[in-house]
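Trainee: Supplied structure: final37.cif, mmCIF, C-alpha atoms and all ligand atoms.
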```
data_input
#
loop_
_atom_site.group_PDB
_atom_site.id
_atom_site.type_symbol
_atom_site.label_atom_id
_atom_site.label_comp_id
_atom_site.auth_asym_id
_atom_site.auth_seq_id
_atom_site.Cartn_x
_atom_site.Cartn_y
_atom_site.Cartn_z
ATOM 1 C CA MET A 1 103.850 -163.910 -0.747
ATOM 2 C CA GLY A 2 101.895 -161.471 -2.818
ATOM 3 C CA ILE A 3 100.747 -163.996 -5.375
ATOM 4 C CA ASN A 4 97.123 -165.034 -5.732
ATOM 5 C CA HIS A 5 97.424 -168.813 -5.829
ATOM 6 C CA ASN A 6 93.741 -169.471 -6.314
ATOM 7 C CA SER A 7 93.705 -168.543 -9.983
ATOM 8 C CA ALA A 8 94.784 -171.875 -11.446
ATOM 9 C CA LYS A 9 94.916 -172.296 -15.195
ATOM 10 C CA PRO A 10 91.719 -173.903 -16.492
ATOM 11 C CA GLY A 11 92.296 -177.505 -17.520
ATOM 12 C CA ALA A 12 95.716 -177.858 -15.921
ATOM 13 C CA GLY A 13 94.321 -178.197 -12.396
ATOM 14 C CA GLY A 14 92.081 -181.182 -13.112
ATOM 15 C CA ALA A 15 94.873 -183.308 -14.509
ATOM 16 C CA GLY A 16 97.075 -182.727 -11.483
ATOM 17 C CA ALA A 17 94.372 -183.685 -8.990
ATOM 18 C CA GLU A 18 93.526 -186.885 -10.874
ATOM 19 C CA GLY A 19 97.132 -188.034 -10.875
ATOM 20 C CA ARG A 20 97.316 -187.810 -7.103
ATOM 21 C CA GLU A 21 94.199 -189.935 -6.585
ATOM 22 C CA ASP A 22 95.860 -193.040 -8.089
ATOM 23 C CA SER A 23 95.093 -195.722 -5.538
ATOM 24 C CA ASP A 24 97.751 -198.354 -5.064
ATOM 25 C CA LEU A 25 95.383 -201.036 -6.392
ATOM 26 C CA GLN A 26 95.153 -199.260 -9.727
ATOM 27 C CA MET A 27 98.931 -199.441 -9.797
ATOM 28 C CA ILE A 28 98.795 -203.162 -10.602
ATOM 29 C CA PRO A 29 98.500 -203.595 -14.382
ATOM 30 C CA ARG A 30 95.998 -206.090 -15.813
ATOM 31 C CA TRP A 31 98.670 -208.207 -17.480
ATOM 32 C CA SER A 32 100.254 -208.995 -14.142
ATOM 33 C CA ILE A 33 96.873 -209.959 -12.584
ATOM 34 C CA VAL A 34 96.199 -212.339 -15.490
ATOM 35 C CA LEU A 35 99.737 -213.716 -15.294
ATOM 36 C CA ALA A 36 99.412 -214.167 -11.517
ATOM 37 C CA LEU A 37 96.212 -216.190 -11.964
ATOM 38 C CA MET A 38 97.932 -218.308 -14.615
ATOM 39 C CA VAL A 39 100.944 -218.891 -12.367
ATOM 40 C CA PHE A 40 98.665 -219.900 -9.486
ATOM 41 C CA THR A 41 96.720 -222.320 -11.715
ATOM 42 C CA ALA A 42 99.964 -223.746 -13.092
ATOM 43 C CA MET A 43 101.219 -224.447 -9.572
ATOM 44 C CA GLN A 44 98.001 -226.329 -8.760
ATOM 45 C CA TYR A 45 98.533 -228.352 -11.925
ATOM 46 C CA VAL A 46 102.126 -229.133 -10.947
ATOM 47 C CA PHE A 47 101.214 -230.274 -7.430
ATOM 48 C CA HIS A 48 98.090 -232.243 -8.288
ATOM 49 C CA VAL A 49 98.782 -233.676 -11.740
ATOM 50 C CA VAL A 50 102.476 -233.561 -12.656
ATOM 51 C CA MET A 51 104.031 -234.584 -9.335
ATOM 52 C CA PRO A 52 103.957 -238.319 -8.642
ATOM 53 C CA HIS A 53 101.457 -239.286 -5.939
ATOM 54 C CA HIS A 54 102.696 -241.592 -3.243
ATOM 55 C CA ARG A 55 100.252 -243.709 -1.320
ATOM 56 C CA HIS A 56 101.291 -242.384 2.079
ATOM 57 C CA GLU A 57 100.943 -238.759 0.969
ATOM 58 C CA LEU A 58 97.971 -236.875 2.401
ATOM 59 C CA LEU A 59 95.646 -234.794 0.268
ATOM 60 C CA PRO A 60 95.473 -231.822 2.738
ATOM 61 C CA MET A 61 99.260 -231.611 2.669
ATOM 62 C CA ARG A 62 99.258 -231.449 -1.106
ATOM 63 C CA LEU A 63 96.505 -228.811 -1.125
ATOM 64 C CA LEU A 64 98.462 -226.711 1.343
ATOM 65 C CA MET A 65 101.696 -226.990 -0.635
ATOM 66 C CA GLY A 66 99.982 -226.089 -3.890
ATOM 67 C CA TYR A 67 98.258 -223.131 -2.282
ATOM 68 C CA THR A 68 101.415 -221.844 -0.569
ATOM 69 C CA TYR A 69 103.682 -222.049 -3.608
ATOM 70 C CA GLY A 70 100.899 -220.788 -5.862
ATOM 71 C CA THR A 71 100.198 -217.649 -3.817
ATOM 72 C CA ALA A 72 103.902 -216.948 -3.246
ATOM 73 C CA LEU A 73 104.693 -216.989 -6.953
ATOM 74 C CA ALA A 74 101.484 -215.124 -7.887
ATOM 75 C CA SER A 75 102.316 -212.354 -5.375
ATOM 76 C CA TYR A 76 105.731 -212.090 -6.943
ATOM 77 C CA VAL A 77 104.181 -211.542 -10.368
ATOM 78 C CA LEU A 78 101.858 -208.859 -8.926
ATOM 79 C CA LEU A 79 104.848 -207.189 -7.285
ATOM 80 C CA VAL A 80 106.726 -207.033 -10.585
ATOM 81 C CA GLY A 81 103.589 -205.544 -12.159
ATOM 82 C CA TYR A 82 103.374 -202.908 -9.428
ATOM 83 C CA VAL A 83 107.041 -201.973 -9.844
ATOM 84 C CA SER A 84 106.600 -201.678 -13.621
ATOM 85 C CA ARG A 85 104.034 -198.890 -13.061
ATOM 86 C CA ASP A 86 105.585 -197.364 -9.971
ATOM 87 C CA VAL A 87 108.939 -196.685 -11.690
ATOM 88 C CA LYS A 88 107.210 -194.553 -14.305
ATOM 89 C CA ARG A 89 105.673 -192.050 -11.889
ATOM 90 C CA ARG A 90 109.076 -191.704 -10.233
ATOM 91 C CA ASN A 91 111.096 -191.117 -13.429
ATOM 92 C CA MET A 92 113.256 -194.192 -12.825
ATOM 93 C CA SER A 93 114.547 -196.723 -15.366
ATOM 94 C CA ALA A 94 111.748 -199.286 -15.802
ATOM 95 C CA ARG A 95 113.898 -201.885 -17.570
ATOM 96 C CA LEU A 96 116.716 -201.799 -15.018
ATOM 97 C CA TRP A 97 114.440 -202.087 -11.984
ATOM 98 C CA MET A 98 112.152 -204.768 -13.396
ATOM 99 C CA LEU A 99 115.218 -206.817 -14.277
ATOM 100 C CA LEU A 100 116.620 -206.340 -10.754
ATOM 101 C CA VAL A 101 113.328 -207.297 -9.076
ATOM 102 C CA ILE A 102 112.926 -210.409 -11.265
ATOM 103 C CA VAL A 103 116.545 -211.599 -11.188
ATOM 104 C CA MET A 104 117.571 -211.074 -7.563
ATOM 105 C CA PRO A 105 116.540 -214.140 -5.553
ATOM 106 C CA GLY A 106 114.060 -214.250 -2.696
ATOM 107 C CA GLY A 107 112.559 -210.832 -3.332
ATOM 108 C CA ILE A 108 115.799 -209.005 -2.459
ATOM 109 C CA GLY A 109 115.486 -206.958 -5.655
ATOM 110 C CA ALA A 110 112.070 -205.737 -4.493
ATOM 111 C CA VAL A 111 113.429 -204.778 -1.066
ATOM 112 C CA VAL A 112 116.260 -202.844 -2.708
ATOM 113 C CA TYR A 113 113.723 -201.170 -4.980
ATOM 114 C CA PHE A 114 111.501 -200.004 -2.121
ATOM 115 C CA LEU A 115 114.552 -198.688 -0.244
ATOM 116 C CA LEU A 116 116.037 -196.784 -3.168
ATOM 117 C CA ARG A 117 113.031 -195.581 -5.132
ATOM 118 C CA GLN A 118 112.771 -191.881 -5.875
ATOM 119 C CA PRO A 119 109.860 -189.758 -4.619
ATOM 120 C CA ILE A 120 106.679 -189.653 -6.720
ATOM 121 C CA LEU A 121 106.616 -186.814 -9.218
ATOM 122 C CA SER A 122 103.417 -184.898 -9.833
ATOM 123 C CA HIS A 123 102.575 -181.748 -11.726
ATOM 124 C CA CYS A 124 102.040 -178.242 -10.421
ATOM 125 C CA PRO A 125 98.300 -177.438 -10.681
ATOM 126 C CA HIS A 126 99.188 -173.916 -11.728
ATOM 127 C CA CYS A 127 101.959 -174.257 -14.352
ATOM 128 C CA SER A 128 102.154 -178.085 -14.846
ATOM 129 C CA SER A 129 105.903 -178.321 -14.238
ATOM 130 C CA GLN A 130 107.174 -181.478 -12.504
ATOM 131 C CA VAL A 131 107.303 -181.284 -8.720
ATOM 132 C CA ALA A 132 108.199 -183.809 -6.013
ATOM 133 C CA ALA A 133 105.785 -184.588 -3.181
ATOM 134 C CA SER A 134 108.183 -183.021 -0.658
ATOM 135 C CA TYR A 135 108.093 -179.552 -2.241
ATOM 136 C CA HIS A 136 106.289 -176.766 -0.397
ATOM 137 C CA PHE A 137 106.277 -174.414 -3.369
ATOM 138 C CA CYS A 138 106.486 -174.943 -7.113
ATOM 139 C CA PRO A 139 110.060 -174.129 -8.245
ATOM 140 C CA GLN A 140 108.761 -172.484 -11.421
ATOM 141 C CA CYS A 141 105.761 -170.378 -10.387
ATOM 142 C CA GLN A 142 105.796 -170.268 -6.548
ATOM 143 C CA PHE A 143 102.403 -172.024 -6.311
ATOM 144 C CA GLN A 144 102.023 -173.202 -2.705
ATOM 145 C CA MET A 145 101.654 -177.011 -2.523
ATOM 146 C CA SER A 146 101.514 -177.614 1.208
ATOM 147 C CA PRO A 147 100.876 -175.617 4.384
ATOM 148 C CA VAL A 148 103.984 -173.879 5.698
ATOM 149 C CA CYS A 149 104.786 -171.514 8.546
ATOM 150 C CA GLY A 150 104.791 -167.897 7.410
ATOM 151 C CA ARG A 151 107.783 -167.040 9.603
ATOM 152 C CA CYS A 152 110.236 -169.951 9.327
ATOM 153 C CA PHE A 153 108.733 -171.592 6.175
ATOM 154 C CA ARG A 154 109.030 -175.092 7.578
ATOM 155 C CA GLY A 155 106.181 -177.494 6.779
ATOM 156 C CA VAL A 156 103.216 -177.576 9.163
ATOM 157 C CA GLN A 157 100.130 -179.775 9.459
ATOM 158 C CA ILE A 158 96.921 -178.488 7.913
ATOM 159 C CA THR A 159 95.226 -178.683 11.363
ATOM 160 C CA ASP A 160 98.009 -176.858 13.269
ATOM 161 C CA VAL A 161 97.181 -173.526 14.869
ATOM 162 C CA TYR A 162 100.770 -172.689 15.797
ATOM 163 C CA CYS A 163 104.044 -173.630 14.073
ATOM 164 C CA THR A 164 105.667 -176.594 15.835
ATOM 165 C CA GLN A 165 109.148 -175.217 15.103
ATOM 166 C CA CYS A 166 108.977 -171.527 15.989
ATOM 167 C CA GLY A 167 105.588 -171.033 17.689
ATOM 168 C CA HIS A 168 104.323 -168.618 15.067
ATOM 169 C CA ASP A 169 100.524 -168.061 15.008
ATOM 170 C CA LEU A 170 99.579 -169.621 11.655
ATOM 171 C CA ALA A 171 96.251 -167.722 11.442
ATOM 172 C CA GLU A 172 98.294 -164.546 10.820
ATOM 173 C CA ASP A 173 99.639 -165.981 7.551
ATOM 174 C CA HIS A 174 96.294 -165.846 5.722
ATOM 175 C CA ALA A 175 97.214 -169.027 3.831
ATOM 176 C CA PRO A 176 95.006 -169.975 0.855
ATOM 177 C CA ALA A 177 91.751 -171.669 1.993
ATOM 178 C CA ARG A 178 92.679 -174.985 0.326
ATOM 179 C CA LEU A 179 95.631 -175.250 2.756
ATOM 180 C CA ARG A 180 93.579 -174.641 5.898
ATOM 181 C CA ALA A 181 91.431 -177.233 7.698
ATOM 182 C CA TYR A 182 88.999 -174.600 8.950
ATOM 183 C CA SER A 183 88.434 -171.733 6.540
ATOM 184 C CA ASP A 184 87.120 -169.018 8.826
HETATM 185 ZN ZN ZN B 1 104.018 -174.109 -10.883
HETATM 186 ZN ZN ZN B 2 107.600 -171.511 12.054
#
```
Would you mind writing the file's structure down as structure tokens?
Ligand SMILES: [Zn+2]
Ligand SMILES: [Zn+2]
Mentor:
Amino acid sequence: MGINHNSAKPGAGGAGAEGREDSDLQMIPRWSIVLALMVFTAMQYVFHVVMPHHRHELLPMRLLMGYTYGTALASYVLLVGYVSRDVKRRNMSARLWMLLVIVMPGGIGAVVYFLLRQPILSHCPHCSSQVAASYHFCPQCQFQMSPVCGRCFRGVQITDVYCTQCGHDLAEDHAPARLRAYSD
């Protein structure tokens, strides 16, 4: 490992770090939040205005029903919104998966999606080529993404002192400071 990994290209590094800080809340597009609110309001309208009111029917019951159906459908809309953004950062077909999630009944499409989705792709801070989160090194420029053991090259935790697989003393590896919890 004779490569100096600290000399990242100017400009390329910032973009890579930003992409990784995407919180899951930012993953829900505005259109789906607006649509969810509209769906929730529409359900209240259906339960309180459209549906015929019987004399024996209790108001709390109707409130509860409206709230339950409203939140269930609104969550579904938010879920579809989340999937529409999530597919893009995983290089999957957006049209196919949104159709599946919407069409399959009872949220089965969403379950299938979360089981089968591909790992998130990010960019190498050094050469900007596409890398998966599971990679230890960039396939194009050998930039080290995550802490590894210098003897067996399996992944290790940033706080580990010894490799959990082969017992190697990780301090001997002189890993880059950004991959060490305590830079001594
Ligand atoms: Zn690279
Ligand atoms: Zn090892």
Trainee: Counting only C-alpha atoms, figure out which residue out of A:Val112, A:Ala177, A:Ile33, A:Leu59 gets nearest to A:Tyr76.
Mentor: A:Ile33
Trainee: Please give me, as a PyMOL selection string, the residues lying within 10 Å of ligand ZN 1 (chain B) when counting all atoms listed in the file.
Mentor: chain A and resi 5+8+123-131+137-145
Trainee: So, counting all atoms listed in the file, which residue among A:Met51, A:Met43, A:Cys149, A:Leu58 is closest to A:Gln165?
Mentor: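 Of A:Met51, A:Met43, A:Cys149, A:Leu58, the one nearest A:Gln165, counting all atoms listed in the file, is A:Cys149.
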Trainee: What is the distance, in Å and to one decimal place, between atom CA of A:Phe114 and atom CA of A:Gln157?
Mentor: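 One can read the atom CA of A:Phe114 to atom CA of A:Gln157 distance as 25.9 Å.
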Trainee: Hey, which residues come within 9 Å of ligand ZN 2 (chain B) if we count only C-alpha atoms and all ligand atoms? Could you give them as an MDAnalysis selection string?
Mentor: chainID A and resid 148:156 162:170
Trainee: Got time to write the residues from that selection, C-alpha atoms, as a CSV table (one decimal), in the frame of the given file?
Mentor:
```csv
chain,number,residue,atom,x,y,z
A,148,VAL,CA,104.0,-173.9,5.7
A,149,CYS,CA,104.8,-171.5,8.5
A,150,GLY,CA,104.8,-167.9,7.4
A,151,ARG,CA,107.8,-167.0,9.6
A,152,CYS,CA,110.2,-170.0,9.3
A,153,PHE,CA,108.7,-171.6,6.2
A,154,ARG,CA,109.0,-175.1,7.6
A,155,GLY,CA,106.2,-177.5,6.8
A,156,VAL,CA,103.2,-177.6,9.2
A,162,TYR,CA,100.8,-172.7,15.8
A,163,CYS,CA,104.0,-173.6,14.1
A,164,THR,CA,105.7,-176.6,15.8
A,165,GLN,CA,109.1,-175.2,15.1
A,166,CYS,CA,109.0,-171.5,16.0
A,167,GLY,CA,105.6,-171.0,17.7
A,168,HIS,CA,104.3,-168.6,15.1
A,169,ASP,CA,100.5,-168.1,15.0
A,170,LEU,CA,99.6,-169.6,11.7
```
Trainee: Using only C-alpha atoms for the distances, tell me which of A:Gln118, A:Leu78, A:Pro29, A:Gly107 is nearest to A:Ser93.
Mentor: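 Distance minimum relative to A:Ser93 lands on A:Gln118.
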Trainee: Hey, can you check how far atom CA of A:Leu121 sits from atom CA of A:Arg95?
Mentor: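 Value for the atom CA of A:Leu121-atom CA of A:Arg95 distance: 18.7 Å.
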Trainee: I need the residue set behind the PyMOL selection byres (((chain A and resi 32) around 9) and not hetatm) for this file; please write it as a PDB file with C-alpha atoms, in the frame of the given file.
Mentor:
```pdb
ATOM      1  CA  ILE A  28      98.795-203.162 -10.602  1.00  0.00           C
ATOM      2  CA  PRO A  29      98.500-203.595 -14.382  1.00  0.00           C
ATOM      3  CA  ARG A  30      95.998-206.090 -15.813  1.00  0.00           C
ATOM      4  CA  TRP A  31      98.670-208.207 -17.480  1.00  0.00           C
ATOM      5  CA  ILE A  33      96.873-209.959 -12.584  1.00  0.00           C
ATOM      6  CA  VAL A  34      96.199-212.339 -15.490  1.00  0.00           C
ATOM      7  CA  LEU A  35      99.737-213.716 -15.294  1.00  0.00           C
ATOM      8  CA  ALA A  36      99.412-214.167 -11.517  1.00  0.00           C
ATOM      9  CA  LEU A  37      96.212-216.190 -11.964  1.00  0.00           C
ATOM     10  CA  ALA A  74     101.484-215.124  -7.887  1.00  0.00           C
ATOM     11  CA  VAL A  77     104.181-211.542 -10.368  1.00  0.00           C
ATOM     12  CA  LEU A  78     101.858-208.859  -8.926  1.00  0.00           C
ATOM     13  CA  LEU A  79     104.848-207.189  -7.285  1.00  0.00           C
ATOM     14  CA  VAL A  80     106.726-207.033 -10.585  1.00  0.00           C
ATOM     15  CA  GLY A  81     103.589-205.544 -12.159  1.00  0.00           C
ATOM     16  CA  TYR A  82     103.374-202.908  -9.428  1.00  0.00           C
TER      17      TYR A  82
END
```
Trainee: If we count only C-alpha atoms, what is near stretch 99-104 of chain A at a cut-off of 8 Å, once residues fewer than 5 positions away on the same chain are taken out, given as a PDB file with C-alpha atoms, in the coordinates of the input?
Mentor:
```pdb
ATOM      1  CA  VAL A  80     106.726-207.033 -10.585  1.00  0.00           C
ATOM      2  CA  GLY A 109     115.486-206.958  -5.655  1.00  0.00           C
ATOM      3  CA  ALA A 110     112.070-205.737  -4.493  1.00  0.00           C
ATOM      4  CA  TYR A 113     113.723-201.170  -4.980  1.00  0.00           C
TER       5      TYR A 113
END
```
Trainee: Which residues, named as in the file, does the PyMOL selection byres (((chain A and resi 65-70) around 7) and not hetatm) pick out? Answer as a PDB file with C-alpha atoms, in the coordinates of the input.
Mentor:
```pdb
ATOM      1  CA  VAL A  39     100.944-218.891 -12.367  1.00  0.00           C
ATOM      2  CA  PHE A  40      98.665-219.900  -9.486  1.00  0.00           C
ATOM      3  CA  MET A  43     101.219-224.447  -9.572  1.00  0.00           C
ATOM      4  CA  GLN A  44      98.001-226.329  -8.760  1.00  0.00           C
ATOM      5  CA  PHE A  47     101.214-230.274  -7.430  1.00  0.00           C
ATOM      6  CA  MET A  61      99.260-231.611   2.669  1.00  0.00           C
ATOM      7  CA  ARG A  62      99.258-231.449  -1.106  1.00  0.00           C
ATOM      8  CA  LEU A  63      96.505-228.811  -1.125  1.00  0.00           C
ATOM      9  CA  LEU A  64      98.462-226.711   1.343  1.00  0.00           C
ATOM     10  CA  THR A  71     100.198-217.649  -3.817  1.00  0.00           C
ATOM     11  CA  ALA A  72     103.902-216.948  -3.246  1.00  0.00           C
ATOM     12  CA  LEU A  73     104.693-216.989  -6.953  1.00  0.00           C
ATOM     13  CA  ALA A  74     101.484-215.124  -7.887  1.00  0.00           C
TER      14      ALA A  74
END
```
Trainee: So what do you get for atom CA of A:Gln26 versus atom CA of A:Arg85, distance-wise?
Mentor: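 These two atoms are separated by 9.5 Å.
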Trainee: When you count only C-alpha atoms, which of these residues is closest to A:Lys88: A:Val49, A:Ile108, A:Met27, A:Ala42?
Mentor: A:Met27
Trainee: Pick the closest to A:Val87 from A:Ala171, A:Val161, A:Met38, A:Leu116: which is it, counting all atoms listed in the file?
Mentor: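 Of all the options, A:Leu116 lies closest to A:Val87.
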Trainee: Could you give me stretch 69-92 of chain A completed to N, CA and C atoms, formatted as a PDB file, in the frame of the given file?
Mentor:
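Contents of selection.pdb, as written:
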```
ATOM      1  N   TYR A  69     102.786-222.391  -2.496  1.00  0.00           N
ATOM      2  CA  TYR A  69     103.682-222.049  -3.608  1.00  0.00           C
ATOM      3  C   TYR A  69     102.957-221.206  -4.646  1.00  0.00           C
ATOM      4  N   GLY A  70     101.683-221.534  -4.879  1.00  0.00           N
ATOM      5  CA  GLY A  70     100.899-220.788  -5.862  1.00  0.00           C
ATOM      6  C   GLY A  70     100.766-219.329  -5.485  1.00  0.00           C
ATOM      7  N   THR A  71     100.384-219.044  -4.238  1.00  0.00           N
ATOM      8  CA  THR A  71     100.198-217.649  -3.817  1.00  0.00           C
ATOM      9  C   THR A  71     101.533-216.913  -3.755  1.00  0.00           C
ATOM     10  N   ALA A  72     102.594-217.605  -3.328  1.00  0.00           N
ATOM     11  CA  ALA A  72     103.902-216.948  -3.246  1.00  0.00           C
ATOM     12  C   ALA A  72     104.344-216.470  -4.621  1.00  0.00           C
ATOM     13  N   LEU A  73     104.259-217.364  -5.609  1.00  0.00           N
ATOM     14  CA  LEU A  73     104.693-216.989  -6.953  1.00  0.00           C
ATOM     15  C   LEU A  73     103.765-215.951  -7.573  1.00  0.00           C
ATOM     16  N   ALA A  74     102.438-216.082  -7.325  1.00  0.00           N
ATOM     17  CA  ALA A  74     101.484-215.124  -7.887  1.00  0.00           C
ATOM     18  C   ALA A  74     101.731-213.733  -7.306  1.00  0.00           C
ATOM     19  N   SER A  75     102.023-213.646  -5.999  1.00  0.00           N
ATOM     20  CA  SER A  75     102.316-212.354  -5.375  1.00  0.00           C
ATOM     21  C   SER A  75     103.543-211.719  -6.009  1.00  0.00           C
ATOM     22  N   TYR A  76     104.513-212.585  -6.326  1.00  0.00           N
ATOM     23  CA  TYR A  76     105.731-212.090  -6.943  1.00  0.00           C
ATOM     24  C   TYR A  76     105.444-211.442  -8.288  1.00  0.00           C
ATOM     25  N   VAL A  77     104.567-212.086  -9.053  1.00  0.00           N
ATOM     26  CA  VAL A  77     104.181-211.542 -10.368  1.00  0.00           C
ATOM     27  C   VAL A  77     103.474-210.201 -10.190  1.00  0.00           C
ATOM     28  N   LEU A  78     102.567-210.116  -9.189  1.00  0.00           N
ATOM     29  CA  LEU A  78     101.858-208.859  -8.926  1.00  0.00           C
ATOM     30  C   LEU A  78     102.834-207.770  -8.521  1.00  0.00           C
ATOM     31  N   LEU A  79     103.843-208.148  -7.740  1.00  0.00           N
ATOM     32  CA  LEU A  79     104.848-207.189  -7.285  1.00  0.00           C
ATOM     33  C   LEU A  79     105.625-206.615  -8.467  1.00  0.00           C
ATOM     34  N   VAL A  80     106.014-207.497  -9.395  1.00  0.00           N
ATOM     35  CA  VAL A  80     106.726-207.033 -10.585  1.00  0.00           C
ATOM     36  C   VAL A  80     105.833-206.088 -11.389  1.00  0.00           C
ATOM     37  N   GLY A  81     104.533-206.419 -11.464  1.00  0.00           N
ATOM     38  CA  GLY A  81     103.589-205.544 -12.159  1.00  0.00           C
ATOM     39  C   GLY A  81     103.504-204.183 -11.497  1.00  0.00           C
ATOM     40  N   TYR A  82     103.436-204.172 -10.175  1.00  0.00           N
ATOM     41  CA  TYR A  82     103.374-202.908  -9.428  1.00  0.00           C
ATOM     42  C   TYR A  82     104.615-202.065  -9.702  1.00  0.00           C
ATOM     43  N   VAL A  83     105.784-202.706  -9.617  1.00  0.00           N
ATOM     44  CA  VAL A  83     107.041-201.973  -9.844  1.00  0.00           C
ATOM     45  C   VAL A  83     107.066-201.391 -11.246  1.00  0.00           C
ATOM     46  N   SER A  84     106.548-202.152 -12.241  1.00  0.00           N
ATOM     47  CA  SER A  84     106.600-201.678 -13.621  1.00  0.00           C
ATOM     48  C   SER A  84     105.834-200.361 -13.783  1.00  0.00           C
ATOM     49  N   ARG A  85     104.782-200.153 -12.973  1.00  0.00           N
ATOM     50  CA  ARG A  85     104.034-198.890 -13.061  1.00  0.00           C
ATOM     51  C   ARG A  85     104.624-197.835 -12.138  1.00  0.00           C
ATOM     52  N   ASP A  86     105.082-198.295 -10.976  1.00  0.00           N
ATOM     53  CA  ASP A  86     105.585-197.364  -9.971  1.00  0.00           C
ATOM     54  C   ASP A  86     106.840-196.627 -10.459  1.00  0.00           C
ATOM     55  N   VAL A  87     107.707-197.331 -11.213  1.00  0.00           N
ATOM     56  CA  VAL A  87     108.939-196.685 -11.690  1.00  0.00           C
ATOM     57  C   VAL A  87     108.612-195.491 -12.590  1.00  0.00           C
ATOM     58  N   LYS A  88     107.509-195.597 -13.327  1.00  0.00           N
ATOM     59  CA  LYS A  88     107.210-194.553 -14.305  1.00  0.00           C
ATOM     60  C   LYS A  88     106.848-193.242 -13.633  1.00  0.00           C
ATOM     61  N   ARG A  89     106.064-193.302 -12.538  1.00  0.00           N
ATOM     62  CA  ARG A  89     105.673-192.050 -11.889  1.00  0.00           C
ATOM     63  C   ARG A  89     106.787-191.488 -11.030  1.00  0.00           C
ATOM     64  N   ARG A  90     107.924-192.203 -10.978  1.00  0.00           N
ATOM     65  CA  ARG A  90     109.076-191.704 -10.233  1.00  0.00           C
ATOM     66  C   ARG A  90     110.248-191.373 -11.143  1.00  0.00           C
ATOM     67  N   ASN A  91     110.045-191.435 -12.466  1.00  0.00           N
ATOM     68  CA  ASN A  91     111.096-191.117 -13.429  1.00  0.00           C
ATOM     69  C   ASN A  91     112.329-191.989 -13.245  1.00  0.00           C
ATOM     70  N   MET A  92     112.127-193.283 -12.975  1.00  0.00           N
ATOM     71  CA  MET A  92     113.256-194.192 -12.825  1.00  0.00           C
ATOM     72  C   MET A  92     113.277-195.134 -14.027  1.00  0.00           C
TER      73      MET A  92
END
```
